[in-house]
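Okay, run-v1.txt is below, compact mmCIF, C-alpha atoms and all ligand atoms:
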# COMPACT_ATOMS: atom_id res chain seq x y z
CA MET S 1 91.88 177.71 189.24
CA ASP S 2 88.28 178.24 188.13
CA HIS S 3 85.67 176.61 185.94
CA PHE S 4 85.03 179.39 183.40
CA LEU S 5 86.59 178.07 180.22
CA TYR S 6 86.06 178.22 176.46
CA ARG S 7 84.71 175.00 175.00
CA ASP S 8 83.99 174.65 171.29
CA GLY S 9 84.50 178.39 170.94
CA ALA S 10 82.00 179.40 173.67
CA LEU S 11 82.67 180.51 177.24
CA HIS S 12 81.13 178.08 179.73
CA ALA S 13 80.50 178.09 183.46
CA GLU S 14 81.29 174.45 184.19
CA ASP S 15 79.18 172.60 181.57
CA VAL S 16 76.76 175.42 180.78
CA PRO S 17 77.36 177.89 177.93
CA LEU S 18 77.01 181.46 179.22
CA ALA S 19 75.11 182.40 176.05
CA GLN S 20 72.43 179.88 176.99
CA ILE S 21 71.91 181.53 180.39
CA ALA S 22 71.88 184.96 178.73
CA ALA S 23 69.15 183.82 176.32
CA GLU S 24 67.03 182.60 179.21
CA VAL S 25 67.51 185.20 181.95
CA GLY S 26 68.54 188.24 179.89
CA THR S 27 71.58 190.44 180.49
CA PRO S 28 73.27 191.65 182.57
CA PHE S 29 73.53 188.90 185.20
CA TYR S 30 75.96 187.38 187.67
CA VAL S 31 76.82 183.70 187.37
CA TYR S 32 78.66 181.58 189.94
CA SER S 33 80.33 178.17 189.63
CA THR S 34 79.68 175.73 192.46
CA ALA S 35 82.80 173.70 191.67
CA THR S 36 84.96 176.83 191.91
CA LEU S 37 83.39 177.94 195.20
CA LEU S 38 83.97 174.51 196.71
CA ARG S 39 87.46 174.20 195.31
CA HIS S 40 88.54 177.52 196.87
CA PHE S 41 86.99 176.62 200.22
CA GLU S 42 88.69 173.22 200.20
CA VAL S 43 92.12 174.58 199.24
CA LEU S 44 92.00 176.96 202.20
CA ASP S 45 90.63 174.34 204.54
CA GLU S 46 93.43 171.96 203.53
CA ALA S 47 96.03 174.69 203.98
CA LEU S 48 95.17 174.64 207.71
CA ASN S 49 95.28 170.85 208.00
CA GLY S 50 96.94 169.68 211.17
CA MET S 51 95.52 172.59 213.17
CA ASP S 52 92.18 172.72 214.93
CA HIS S 53 90.47 175.25 212.67
CA LEU S 54 87.31 176.66 211.12
CA VAL S 55 87.12 178.58 207.85
CA CYS S 56 84.43 181.23 208.40
CA TYR S 57 83.43 182.57 204.99
CA ALA S 58 83.13 186.39 205.09
CA MET S 59 79.68 186.48 203.57
CA LYS S 60 79.84 190.19 202.82
CA ALA S 61 81.69 189.12 199.65
CA ALA S 62 78.67 187.30 198.16
CA SER S 63 75.75 186.54 200.39
CA ASN S 64 73.12 184.81 198.30
CA GLN S 65 71.68 182.00 200.40
CA ALA S 66 72.40 179.43 197.69
CA ILE S 67 76.09 180.34 197.94
CA LEU S 68 76.00 180.22 201.75
CA LYS S 69 74.28 176.84 201.69
CA THR S 70 76.80 175.43 199.22
CA LEU S 71 79.67 176.43 201.48
CA ALA S 72 77.96 175.53 204.75
CA GLN S 73 77.28 172.01 203.44
CA ALA S 74 81.01 171.71 202.76
CA GLY S 75 81.67 172.59 206.42
CA ALA S 76 82.26 176.34 206.33
CA GLY S 77 81.33 178.65 209.17
CA MET S 78 80.28 182.25 208.46
CA ASP S 79 81.64 185.66 209.37
CA VAL S 80 78.79 188.18 209.57
CA VAL S 81 78.89 191.95 210.04
CA SER S 82 75.25 192.92 210.50
CA GLY S 83 71.95 191.66 211.84
CA GLY S 84 70.82 191.18 208.24
CA GLU S 85 73.79 188.97 207.45
CA TYR S 86 73.21 187.02 210.66
CA LEU S 87 69.56 186.33 209.71
CA ARG S 88 70.55 185.48 206.14
CA ALA S 89 73.13 182.94 207.35
CA LYS S 90 70.56 181.38 209.69
CA ALA S 91 67.99 181.30 206.88
CA ALA S 92 70.52 179.42 204.75
CA GLY S 93 70.76 176.81 207.49
CA VAL S 94 74.04 177.81 209.14
CA PRO S 95 73.96 176.88 212.85
CA GLY S 96 74.61 179.70 215.32
CA ASP S 97 77.67 177.99 216.74
CA LYS S 98 79.38 178.38 213.36
CA ILE S 99 78.63 182.11 213.02
CA VAL S 100 81.17 184.72 214.07
CA PHE S 101 79.93 188.30 214.52
CA SER S 102 82.43 190.95 213.35
CA GLY S 103 81.97 194.65 212.71
CA VAL S 104 82.86 197.97 214.23
CA GLY S 105 79.35 199.18 215.09
CA LYS S 106 77.14 196.33 216.28
CA THR S 107 73.92 197.72 217.74
CA ALA S 108 72.22 196.47 220.91
CA ASP S 109 69.44 195.01 218.73
CA GLU S 110 71.92 193.10 216.58
CA ILE S 111 73.70 191.82 219.67
CA HIS S 112 70.38 190.72 221.16
CA MET S 113 69.46 188.91 217.97
CA ALA S 114 72.70 186.94 217.93
CA LEU S 115 72.66 186.14 221.66
CA THR S 116 69.14 184.74 221.46
CA GLY S 117 69.66 182.97 218.11
CA GLY S 118 73.03 181.43 218.96
CA ILE S 119 76.53 182.64 218.17
CA ARG S 120 80.04 181.22 218.09
CA GLN S 121 81.68 184.43 219.24
CA PHE S 122 81.58 188.20 218.99
CA ASN S 123 84.70 189.94 217.74
CA VAL S 124 84.52 193.05 219.93
CA GLU S 125 86.00 196.25 218.52
CA SER S 126 85.75 198.85 221.31
CA GLU S 127 85.15 199.40 225.04
CA PRO S 128 81.67 200.93 224.57
CA GLU S 129 80.65 197.92 222.47
CA MET S 130 81.95 195.63 225.21
CA GLU S 131 79.78 197.42 227.77
CA VAL S 132 76.66 197.09 225.61
CA LEU S 133 77.41 193.41 224.98
CA ASN S 134 77.85 192.78 228.70
CA ARG S 135 74.57 194.53 229.48
CA VAL S 136 72.52 192.78 226.78
CA ALA S 137 74.00 189.37 227.67
CA GLY S 138 72.93 190.01 231.28
CA GLU S 139 69.39 190.86 230.13
CA VAL S 140 69.19 187.71 228.00
CA GLY S 141 70.76 185.67 230.79
CA VAL S 142 73.70 184.22 228.85
CA ILE S 143 77.47 184.55 228.88
CA ALA S 144 78.77 186.01 225.60
CA PRO S 145 81.97 184.45 224.20
CA ILE S 146 84.28 187.17 222.89
CA THR S 147 87.55 187.86 221.21
CA ILE S 148 88.82 191.42 221.05
CA ARG S 149 89.93 192.74 217.68
CA VAL S 150 93.32 194.31 217.98
CA ASN S 151 94.69 196.81 215.53
CA PRO S 152 98.35 195.81 215.05
CA ASP S 153 99.37 198.99 213.18
CA VAL S 154 100.60 197.07 210.16
CA ASP S 155 100.53 198.44 206.63
CA ALA S 156 98.63 195.91 204.51
CA LYS S 157 99.96 197.51 201.29
CA THR S 158 96.61 197.41 199.58
CA HIS S 159 94.15 200.02 198.28
CA ALA S 160 93.59 202.71 200.97
CA LYS S 161 89.82 202.09 201.02
CA ILE S 162 90.27 198.45 202.04
CA ALA S 163 93.27 198.67 204.41
CA THR S 164 92.12 198.22 208.02
CA GLY S 165 95.17 197.45 210.13
CA LYS S 166 96.85 200.87 210.46
CA SER S 167 96.42 202.88 213.63
CA GLU S 168 94.56 205.62 211.73
CA ASN S 169 91.84 203.12 210.66
CA LYS S 170 88.61 202.84 212.63
CA PHE S 171 89.01 199.12 213.33
CA GLY S 172 89.87 197.27 216.54
CA ILE S 173 91.60 198.57 219.63
CA PRO S 174 95.24 199.67 219.47
CA ILE S 175 97.39 196.66 220.29
CA ALA S 176 99.33 198.79 222.77
CA ARG S 177 96.19 199.09 224.92
CA ALA S 178 95.24 195.41 224.66
CA ARG S 179 96.21 194.42 228.22
CA GLU S 180 94.10 197.17 229.72
CA VAL S 181 91.06 196.32 227.58
CA TYR S 182 91.36 192.57 228.23
CA ALA S 183 91.47 193.30 231.98
CA MET S 184 88.29 195.34 231.57
CA ALA S 185 86.60 192.48 229.69
CA ALA S 186 87.65 189.91 232.30
CA ALA S 187 85.97 191.98 234.98
CA MET S 188 82.62 191.96 233.17
CA ALA S 189 80.26 189.35 234.56
CA ASN S 190 78.51 188.36 231.36
CA LEU S 191 81.48 188.07 229.02
CA GLU S 192 83.84 185.15 228.52
CA VAL S 193 87.14 186.11 226.94
CA ILE S 194 88.22 183.27 224.65
CA GLY S 195 90.71 184.75 222.23
CA ILE S 196 92.12 187.43 219.97
CA ASP S 197 90.94 188.71 216.58
CA VAL S 198 92.86 190.56 213.89
CA HIS S 199 92.09 191.59 210.29
CA ILE S 200 94.45 193.95 208.51
CA GLY S 201 92.87 194.49 205.11
CA SER S 202 91.64 193.01 201.89
CA GLN S 203 93.24 191.99 198.57
CA LEU S 204 96.69 191.51 200.12
CA THR S 205 99.06 190.27 197.46
CA ASP S 206 102.09 189.88 199.71
CA LEU S 207 102.36 187.64 202.77
CA ALA S 208 104.74 189.92 204.69
CA PRO S 209 102.06 192.10 206.36
CA PHE S 210 100.21 188.96 207.52
CA GLU S 211 103.47 187.66 208.99
CA LEU S 212 104.06 190.89 210.91
CA ALA S 213 100.50 190.99 212.23
CA TYR S 214 100.40 187.33 213.25
CA GLN S 215 103.76 187.63 215.04
CA LYS S 216 102.29 190.48 217.06
CA VAL S 217 99.22 188.34 217.85
CA ALA S 218 101.48 185.46 218.98
CA GLU S 219 103.39 187.78 221.35
CA LEU S 220 100.13 189.21 222.66
CA THR S 221 98.77 185.70 223.27
CA GLU S 222 101.70 184.96 225.56
CA THR S 223 101.42 188.30 227.36
CA LEU S 224 97.68 187.90 227.94
CA ARG S 225 98.10 184.33 229.12
CA ALA S 226 100.71 185.51 231.59
CA ASP S 227 98.14 188.06 232.78
CA GLY S 228 95.83 185.13 233.53
CA HIS S 229 93.48 185.25 230.51
CA THR S 230 92.37 182.16 228.64
CA ILE S 231 93.38 182.60 225.02
CA ARG S 232 92.25 179.48 223.19
CA ARG S 233 91.02 180.83 219.86
CA LEU S 234 92.71 183.10 217.33
CA ASP S 235 90.63 184.68 214.56
CA LEU S 236 93.17 185.73 211.95
CA GLY S 237 90.75 187.57 209.64
CA GLY S 238 90.53 187.40 205.87
CA GLY S 239 92.26 189.38 203.18
CA LEU S 240 94.24 186.98 201.03
CA GLY S 241 94.28 188.45 197.51
CA ILE S 242 93.34 186.90 194.19
CA PRO S 243 94.67 187.37 190.64
CA TYR S 244 92.50 189.95 188.85
CA ALA S 245 94.68 190.46 185.78
CA ARG S 246 95.30 186.85 184.92
CA SER S 247 98.13 187.59 182.52
CA ASN S 248 100.52 189.16 185.04
CA GLU S 249 99.49 188.63 188.67
CA ALA S 250 100.48 185.80 190.96
CA PRO S 251 99.26 186.40 194.52
CA PRO S 252 100.40 184.11 197.34
CA LEU S 253 99.22 180.51 197.36
CA PRO S 254 96.79 179.40 200.08
CA LYS S 255 99.26 176.67 201.02
CA ASP S 256 101.96 179.27 201.74
CA TYR S 257 99.45 181.30 203.76
CA GLY S 258 98.59 178.17 205.77
CA ASP S 259 102.27 177.47 206.36
CA LEU S 260 102.74 181.06 207.53
CA ILE S 261 99.92 180.63 210.05
CA LYS S 262 101.48 177.41 211.34
CA ARG S 263 104.89 179.09 211.57
CA THR S 264 103.70 182.20 213.42
CA VAL S 265 100.95 180.94 215.77
CA GLY S 266 101.01 177.13 215.42
CA HIS S 267 102.98 176.59 218.63
CA LEU S 268 100.32 178.27 220.79
CA GLY S 269 97.85 175.38 220.70
CA CYS S 270 94.95 177.68 219.82
CA GLU S 271 91.98 176.91 217.64
CA ILE S 272 92.38 178.94 214.43
CA GLU S 273 89.67 180.77 212.53
CA ILE S 274 90.12 182.60 209.25
CA GLU S 275 87.56 184.84 207.53
CA PRO S 276 88.23 184.73 203.78
CA GLY S 277 85.65 186.30 201.48
CA ARG S 278 87.28 187.25 198.20
CA LEU S 279 89.49 184.17 197.92
CA ILE S 280 86.44 181.92 198.02
CA ALA S 281 83.96 183.91 195.97
CA GLY S 282 86.03 186.23 193.75
CA ASN S 283 87.02 183.97 190.91
CA SER S 284 83.87 181.88 191.33
CA GLY S 285 81.73 184.47 189.60
CA CYS S 286 81.40 186.47 186.38
CA MET S 287 79.14 189.30 185.35
CA VAL S 288 77.82 188.82 181.82
CA SER S 289 76.76 191.87 179.85
CA GLU S 290 75.69 192.67 176.30
CA VAL S 291 77.07 195.34 174.00
CA ILE S 292 74.31 197.89 173.30
CA TYR S 293 76.27 200.13 170.94
CA VAL S 294 79.76 200.61 169.61
CA LYS S 295 80.20 204.36 169.43
CA SER S 296 83.03 206.15 167.63
CA GLY S 297 84.37 209.02 169.70
CA GLU S 298 87.18 211.51 169.23
CA GLY S 299 90.19 209.25 168.71
CA ARG S 300 88.59 206.37 170.62
CA ASP S 301 85.81 203.85 170.35
CA PHE S 302 83.39 203.24 173.20
CA LEU S 303 81.88 199.88 173.92
CA ILE S 304 78.58 200.78 175.59
CA LEU S 305 77.33 197.83 177.64
CA ASP S 306 74.01 197.11 179.33
CA GLY S 307 75.90 196.53 182.62
CA ALA S 308 76.90 199.64 184.57
CA MET S 309 78.57 200.99 187.69
CA ASN S 310 75.42 200.27 189.72
CA ASP S 311 75.81 196.57 188.88
CA LEU S 312 79.58 196.44 189.44
CA ILE S 313 81.01 199.38 191.38
CA ARG S 314 84.58 198.12 191.91
CA PRO S 315 86.23 199.87 188.92
CA ALA S 316 84.61 203.22 189.82
CA MET S 317 85.22 202.86 193.55
CA TYR S 318 88.68 201.30 193.79
CA GLU S 319 90.07 201.78 190.26
CA ALA S 320 89.81 197.99 190.18
CA HIS S 321 90.84 195.97 187.15
CA HIS S 322 88.61 193.16 185.90
CA ASP S 323 89.51 191.06 182.89
CA ILE S 324 86.72 191.45 180.32
CA VAL S 325 86.48 188.65 177.78
CA PRO S 326 84.17 187.97 174.84
CA VAL S 327 81.74 185.11 175.42
CA ILE S 328 82.40 183.82 171.88
CA GLU S 329 86.08 182.86 171.69
CA PRO S 330 87.97 185.12 169.27
CA ALA S 331 89.46 183.40 166.22
CA PRO S 332 93.16 182.67 166.69
CA GLY S 333 95.37 185.54 165.60
CA VAL S 334 92.53 188.08 165.37
CA GLU S 335 93.87 191.63 165.67
CA GLN S 336 92.82 193.32 168.92
CA VAL S 337 91.60 196.90 169.06
CA PRO S 338 91.41 199.38 171.98
CA TYR S 339 88.02 200.27 173.49
CA ASP S 340 86.84 202.40 176.39
CA ILE S 341 84.36 200.02 178.00
CA VAL S 342 81.51 201.89 179.67
CA GLY S 343 77.98 201.49 181.02
CA PRO S 344 74.92 203.62 180.25
CA VAL S 345 74.76 205.47 183.61
CA CYS S 346 74.99 209.25 183.37
CA GLU S 347 78.42 209.68 184.96
CA SER S 348 81.88 209.59 183.46
CA GLY S 349 82.80 207.39 186.44
CA ASP S 350 80.68 204.69 184.82
CA THR S 351 83.77 203.42 183.04
CA PHE S 352 84.95 199.84 183.46
CA ALA S 353 88.18 200.13 181.47
CA LYS S 354 90.01 202.60 179.28
CA GLN S 355 91.76 201.66 176.05
CA ARG S 356 91.35 197.98 176.81
CA MET S 357 92.56 195.72 173.99
CA MET S 358 89.74 193.47 172.81
CA PRO S 359 88.87 191.59 169.64
CA PRO S 360 86.51 193.72 167.51
CA LEU S 361 82.99 193.58 168.97
CA ALA S 362 79.56 194.58 167.71
CA ALA S 363 76.12 195.33 169.18
CA LYS S 364 74.51 192.24 170.74
CA ASP S 365 77.86 190.54 171.47
CA LEU S 366 78.24 189.25 175.02
CA VAL S 367 81.20 189.90 177.31
CA ALA S 368 82.06 188.40 180.71
CA PHE S 369 83.67 190.36 183.53
CA ARG S 370 85.92 187.89 185.29
CA SER S 371 86.58 187.73 189.05
CA THR S 372 83.35 189.51 190.00
CA GLY S 373 82.04 186.83 192.37
CA ALA S 374 83.18 188.82 195.42
CA TYR S 375 81.95 192.36 196.12
CA GLY S 376 79.99 192.37 192.86
CA ALA S 377 76.27 191.64 193.33
CA VAL S 378 76.40 192.57 197.03
CA MET S 379 77.58 196.11 196.28
CA SER S 380 75.09 196.75 193.50
CA SER S 381 72.37 199.37 193.67
CA GLU S 382 69.33 200.56 191.73
CA TYR S 383 70.94 203.86 190.75
CA ASN S 384 69.26 205.30 187.64
CA THR S 385 66.28 203.02 188.51
CA ARG S 386 68.12 200.08 187.07
CA PRO S 387 66.90 196.76 188.52
CA LEU S 388 69.32 194.68 190.60
CA ILE S 389 70.59 192.08 188.15
CA PRO S 390 69.85 188.37 188.57
CA GLU S 391 72.22 185.86 190.11
CA VAL S 392 72.56 182.37 188.65
CA LEU S 393 74.29 179.35 190.18
CA VAL S 394 75.75 176.62 187.99
CA LYS S 395 76.52 173.09 189.13
CA GLY S 396 77.82 170.77 186.41
CA ASP S 397 75.27 170.89 183.61
CA GLN S 398 72.53 172.37 185.81
CA TYR S 399 71.83 176.00 186.54
CA ALA S 400 69.27 177.89 188.56
CA VAL S 401 68.33 181.52 189.03
CA ILE S 402 69.11 182.15 192.71
CA ARG S 403 67.88 185.75 192.71
CA ARG S 404 65.55 186.94 189.99
CA ARG S 405 65.49 190.37 188.45
CA PRO S 406 62.80 192.50 190.13
CA THR S 407 60.07 193.95 187.94
CA PHE S 408 59.83 197.70 187.45
CA ASP S 409 56.49 197.59 189.26
CA GLU S 410 58.13 196.01 192.31
CA MET S 411 60.77 198.71 192.33
CA ILE S 412 58.44 201.62 191.79
CA ASN S 413 55.82 200.39 194.25
CA ARG S 414 58.30 200.39 197.12
CA ASP S 415 57.92 204.16 197.25
CA SER S 416 54.98 205.56 199.14
CA ILE S 417 53.52 208.97 198.48
CA PRO S 418 52.58 211.08 201.56
CA GLU S 419 48.94 212.04 201.94
CA TRP S 420 49.62 215.70 201.40
CA LEU S 421 50.66 215.13 197.79
N1 LIG W 501 86.96 189.90 207.97
C1 LIG W 501 86.72 191.21 208.18
C2 LIG W 501 86.62 191.72 209.56
C3 LIG W 501 86.60 192.07 207.07
O1 LIG W 501 86.37 193.37 207.29
C4 LIG W 501 86.70 191.57 205.76
C5 LIG W 501 86.54 192.44 204.60
C6 LIG W 501 86.94 190.18 205.61
C7 LIG W 501 87.06 189.39 206.74
C8 LIG W 501 87.05 189.54 204.25
O2 LIG W 501 88.12 190.04 203.51
P1 LIG W 501 88.51 189.33 202.13
O3 LIG W 501 89.00 187.94 202.46
O4 LIG W 501 87.31 189.28 201.26
O5 LIG W 501 89.57 190.19 201.57
N2 LIG W 501 84.51 195.96 198.82
C9 LIG W 501 85.95 195.80 198.77
C10 LIG W 501 86.46 194.84 199.83
C11 LIG W 501 86.04 195.21 201.22
C12 LIG W 501 86.53 194.26 202.28
C13 LIG W 501 85.94 194.58 203.60
N3 LIG W 501 86.28 193.68 204.67
C14 LIG W 501 86.36 195.37 197.37
O6 LIG W 501 85.50 195.26 196.49
O7 LIG W 501 87.54 195.18 197.10
For this file, produce the structure as structure tokens.
Ligand code: LLP
Amino acid sequence: MDHFLYRDGALHAEDVPLAQIAAEVGTPFYVYSTATLLRHFEVLDEALNGMDHLVCYAMKAASNQAILKTLAQAGAGMDVVSGGEYLRAKAAGVPGDKIVFSGVGKTADEIHMALTGGIRQFNVESEPEMEVLNRVAGEVGVIAPITIRVNPDVDAKTHAKIATGKSENKFGIPIARAREVYAMAAAMANLEVIGIDVHIGSQLTDLAPFELAYQKVAELTETLRADGHTIRRLDLGGGLGIPYARSNEAPPLPKDYGDLIKRTVGHLGCEIEIEPGRLIAGNSGCMVSEVIYVKSGEGRDFLILDGAMNDLIRPAMYEAHHDIVPVIEPAPGVEQVPYDIVGPVCESGDTFAKQRMMPPLAAKDLVAFRSTGAYGAVMSSEYNTRPLIPEVLVKGDQYAVIRRRPTFDEMINRDSIPEWL
């Protein structure tokens, strides 16, 4: 459920017409709904009721501090994957003891930053990382709490670029070697082993791979406990999928996911963490763009928008589908026509959709790309010297620009010219 609905013929974010924001901030822009963000967080949080748990929002999905603060005030922890994300979470007011540090290549500097600033736990992904963590913790004079990310060799049945739980993927340590690596960790003076971490992929639309992975984690918990390790926390990762094509997709319900967690690992008495990104942010955001031209091609019409692949890379990168809807509600019964919907960037890959059925549109009409709250703004770039587009947060009838569009001067003046030129 989200809060982007037509009212009196105009698409709104909560109580604010999108056309009003467009008139003020210009297009393209991202807009997020506070009520939707909170609703998704709460549904997941409630799905784990009855278990000691913390929902750690995977802030890579959408990391504007206003979004982080909204979720942190509701009780969310954060999952970070870089020093930058760690500092951003702290700047948004998230306490260190609610920040989990994931990622396959944490540097000594990043580790130092988190150990001195405060951290809930590191999810360690390799032996060399463990050695660096042990050394830096010794230098800082603290004991670092760790889980070890295991790779359960489970097929997440999602797009190859976002599957992480197969043995050929770079993530975690092979589950078959877990006992050996846990023994190594236990022998390190400055580490405290507290649990196990697993994350098998993103946009999972079937619960079966989660079930397989969590069963393996449950078995491993018992094995490691028998080896004498304290396993009191399980980080079960993120990855629950969302409906992108609203007309024909029905991914698993958070409640069923929660029940699955209780069924597979509930008996172990561990504290549970999950790291959802997309499920919280995905359907909480839209990208709004204006039609620049309608161009007649050979046997097809192109809708040329002012938004492009640099603003929203998912269709080009993952062949991802996003529903694209007109901001003015089409009259009932209006005949739809097919368009290739493209941006102005000089690549054929800058195509959002081919032969998409839409009501007839004209220059200056606005469209909204649905489900772009996750992995939208955060993956944007300035390719073609196009400014990063603004982000706007709506709450009821209020809205605020939470990241403004940079000026061309700001962009151009970041370059510096060497003396010899
Ligand atoms: N935890 C870890 C360790 C992760 O690597 C990820 C996502 C998450 C949690 C959150 O997964 P989520 O709940 O959002 O599925 N850019 C891609 C998605 C990349 C996901 C990377 N890791 C996309 O646009 O589909």
- Task: Excluding Val94 (chain S) and any residue of its chain fewer than 5 positions from it, enumerate the residues within 12 Å of it, using all atoms listed in the file, and give them as JSON, numbers by chain.
- Result: {"S": [56, 57, 59, 65, 66, 67, 68, 69, 70, 71, 72, 73, 74, 75, 76, 77, 78, 79, 80, 85, 86, 87, 88, 89, 99, 100, 117, 118, 119, 120]}
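Using all atoms listed in the file, the residues found no farther than 7 Å from region 234-243 of chain S, other than those of its own chain fewer than 3 positions away, are Gly195, Ile196, Asp197, Val198, His199, Gly201, Ser202, Gln203, Leu204, Thr205, Arg246, Glu249, Ala250, Pro251, Cys270, Glu271, Ile272, Glu273, Ile274, Glu275, Pro276, Gly277 and Leu279 of chain S.
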At most 12 Å is the cut-off: for each residue in region 344-420 of chain S with any atom that close to an atom of region 317-332 of chain S, write down the nearest atom pair and the distance in Å rounded to one decimal, counting all atoms listed in the file, chain first then increasing number, as CSV.
residue,atom,partner,partner_atom,distance
S:Gly349,CA,S:Met317,CA,8.8
S:Asp350,CA,S:Met317,CA,10.0
S:Thr351,CA,S:Glu319,CA,9.7
S:Phe352,CA,S:His321,CA,8.0
S:Ala353,CA,S:His321,CA,7.5
S:Lys354,CA,S:His321,CA,10.3
S:Arg356,CA,S:Ile324,CA,8.7
S:Met357,CA,S:Ile324,CA,9.6
S:Met358,CA,S:Val325,CA,7.7
S:Pro359,CA,S:Pro330,CA,6.5
S:Pro360,CA,S:Pro330,CA,8.9
S:Leu361,CA,S:Pro326,CA,8.2
S:Ala362,CA,S:Pro326,CA,10.8
S:Lys364,CA,S:Val327,CA,11.2
S:Asp365,CA,S:Pro326,CA,7.6
S:Leu366,CA,S:Val327,CA,5.4
S:Val367,CA,S:Pro326,CA,4.3
S:Ala368,CA,S:Val325,CA,5.3
S:Phe369,CA,S:Ile324,CA,4.6
S:Arg370,CA,S:Asp323,CA,5.4
S:Ser371,CA,S:His322,CA,6.6
S:Thr372,CA,S:His322,CA,7.6
S:Gly373,CA,S:His322,CA,11.2
S:Ala374,CA,S:His322,CA,11.8
S:Tyr375,CA,S:Met317,CA,11.3
S:Gly376,CA,S:His322,CA,11.1
S:Met379,CA,S:Met317,CA,10.6
S:Ser380,CA,S:Met317,CA,11.8
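Relative to CA of Leu388 (chain S), CA of Ala363 (chain S) is found at 22.5 Å.
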- Message: I'd like to know which of S:Asn190, S:Lys106, S:Thr116, S:Gly165 is closest to Pro145 (chain S), using only C-alpha atoms.
- Response: S:Asn190
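For Ser348 (chain S), the non-local neighbours within 12 Å, defined as residues at least 5 positions apart in the same chain or in other chains and counting only C-alpha atoms, are Ala308, Met309, Pro315, Ala316, Asp340, Ile341, Val342, Gly343, Ala353 and Lys354 of chain S.
Checking S:Lys262, S:Ala281, S:Ile173, S:Lys166 one by one against ligand LIG 501 (chain W), counting all atoms listed in the file, you find the shortest gap at S:Ala281.
For the atom pair formed by CA of Val124 (chain S) and CA of Ala185 (chain S), the distance is 10.0 Å, given to one decimal.
With only C-alpha atoms and all ligand atoms as the basis for measurement, S:Val150 is the residue among S:Val150, S:Val142, S:Ala91, S:Val337 that approaches ligand LIG 501 (chain W) most closely.
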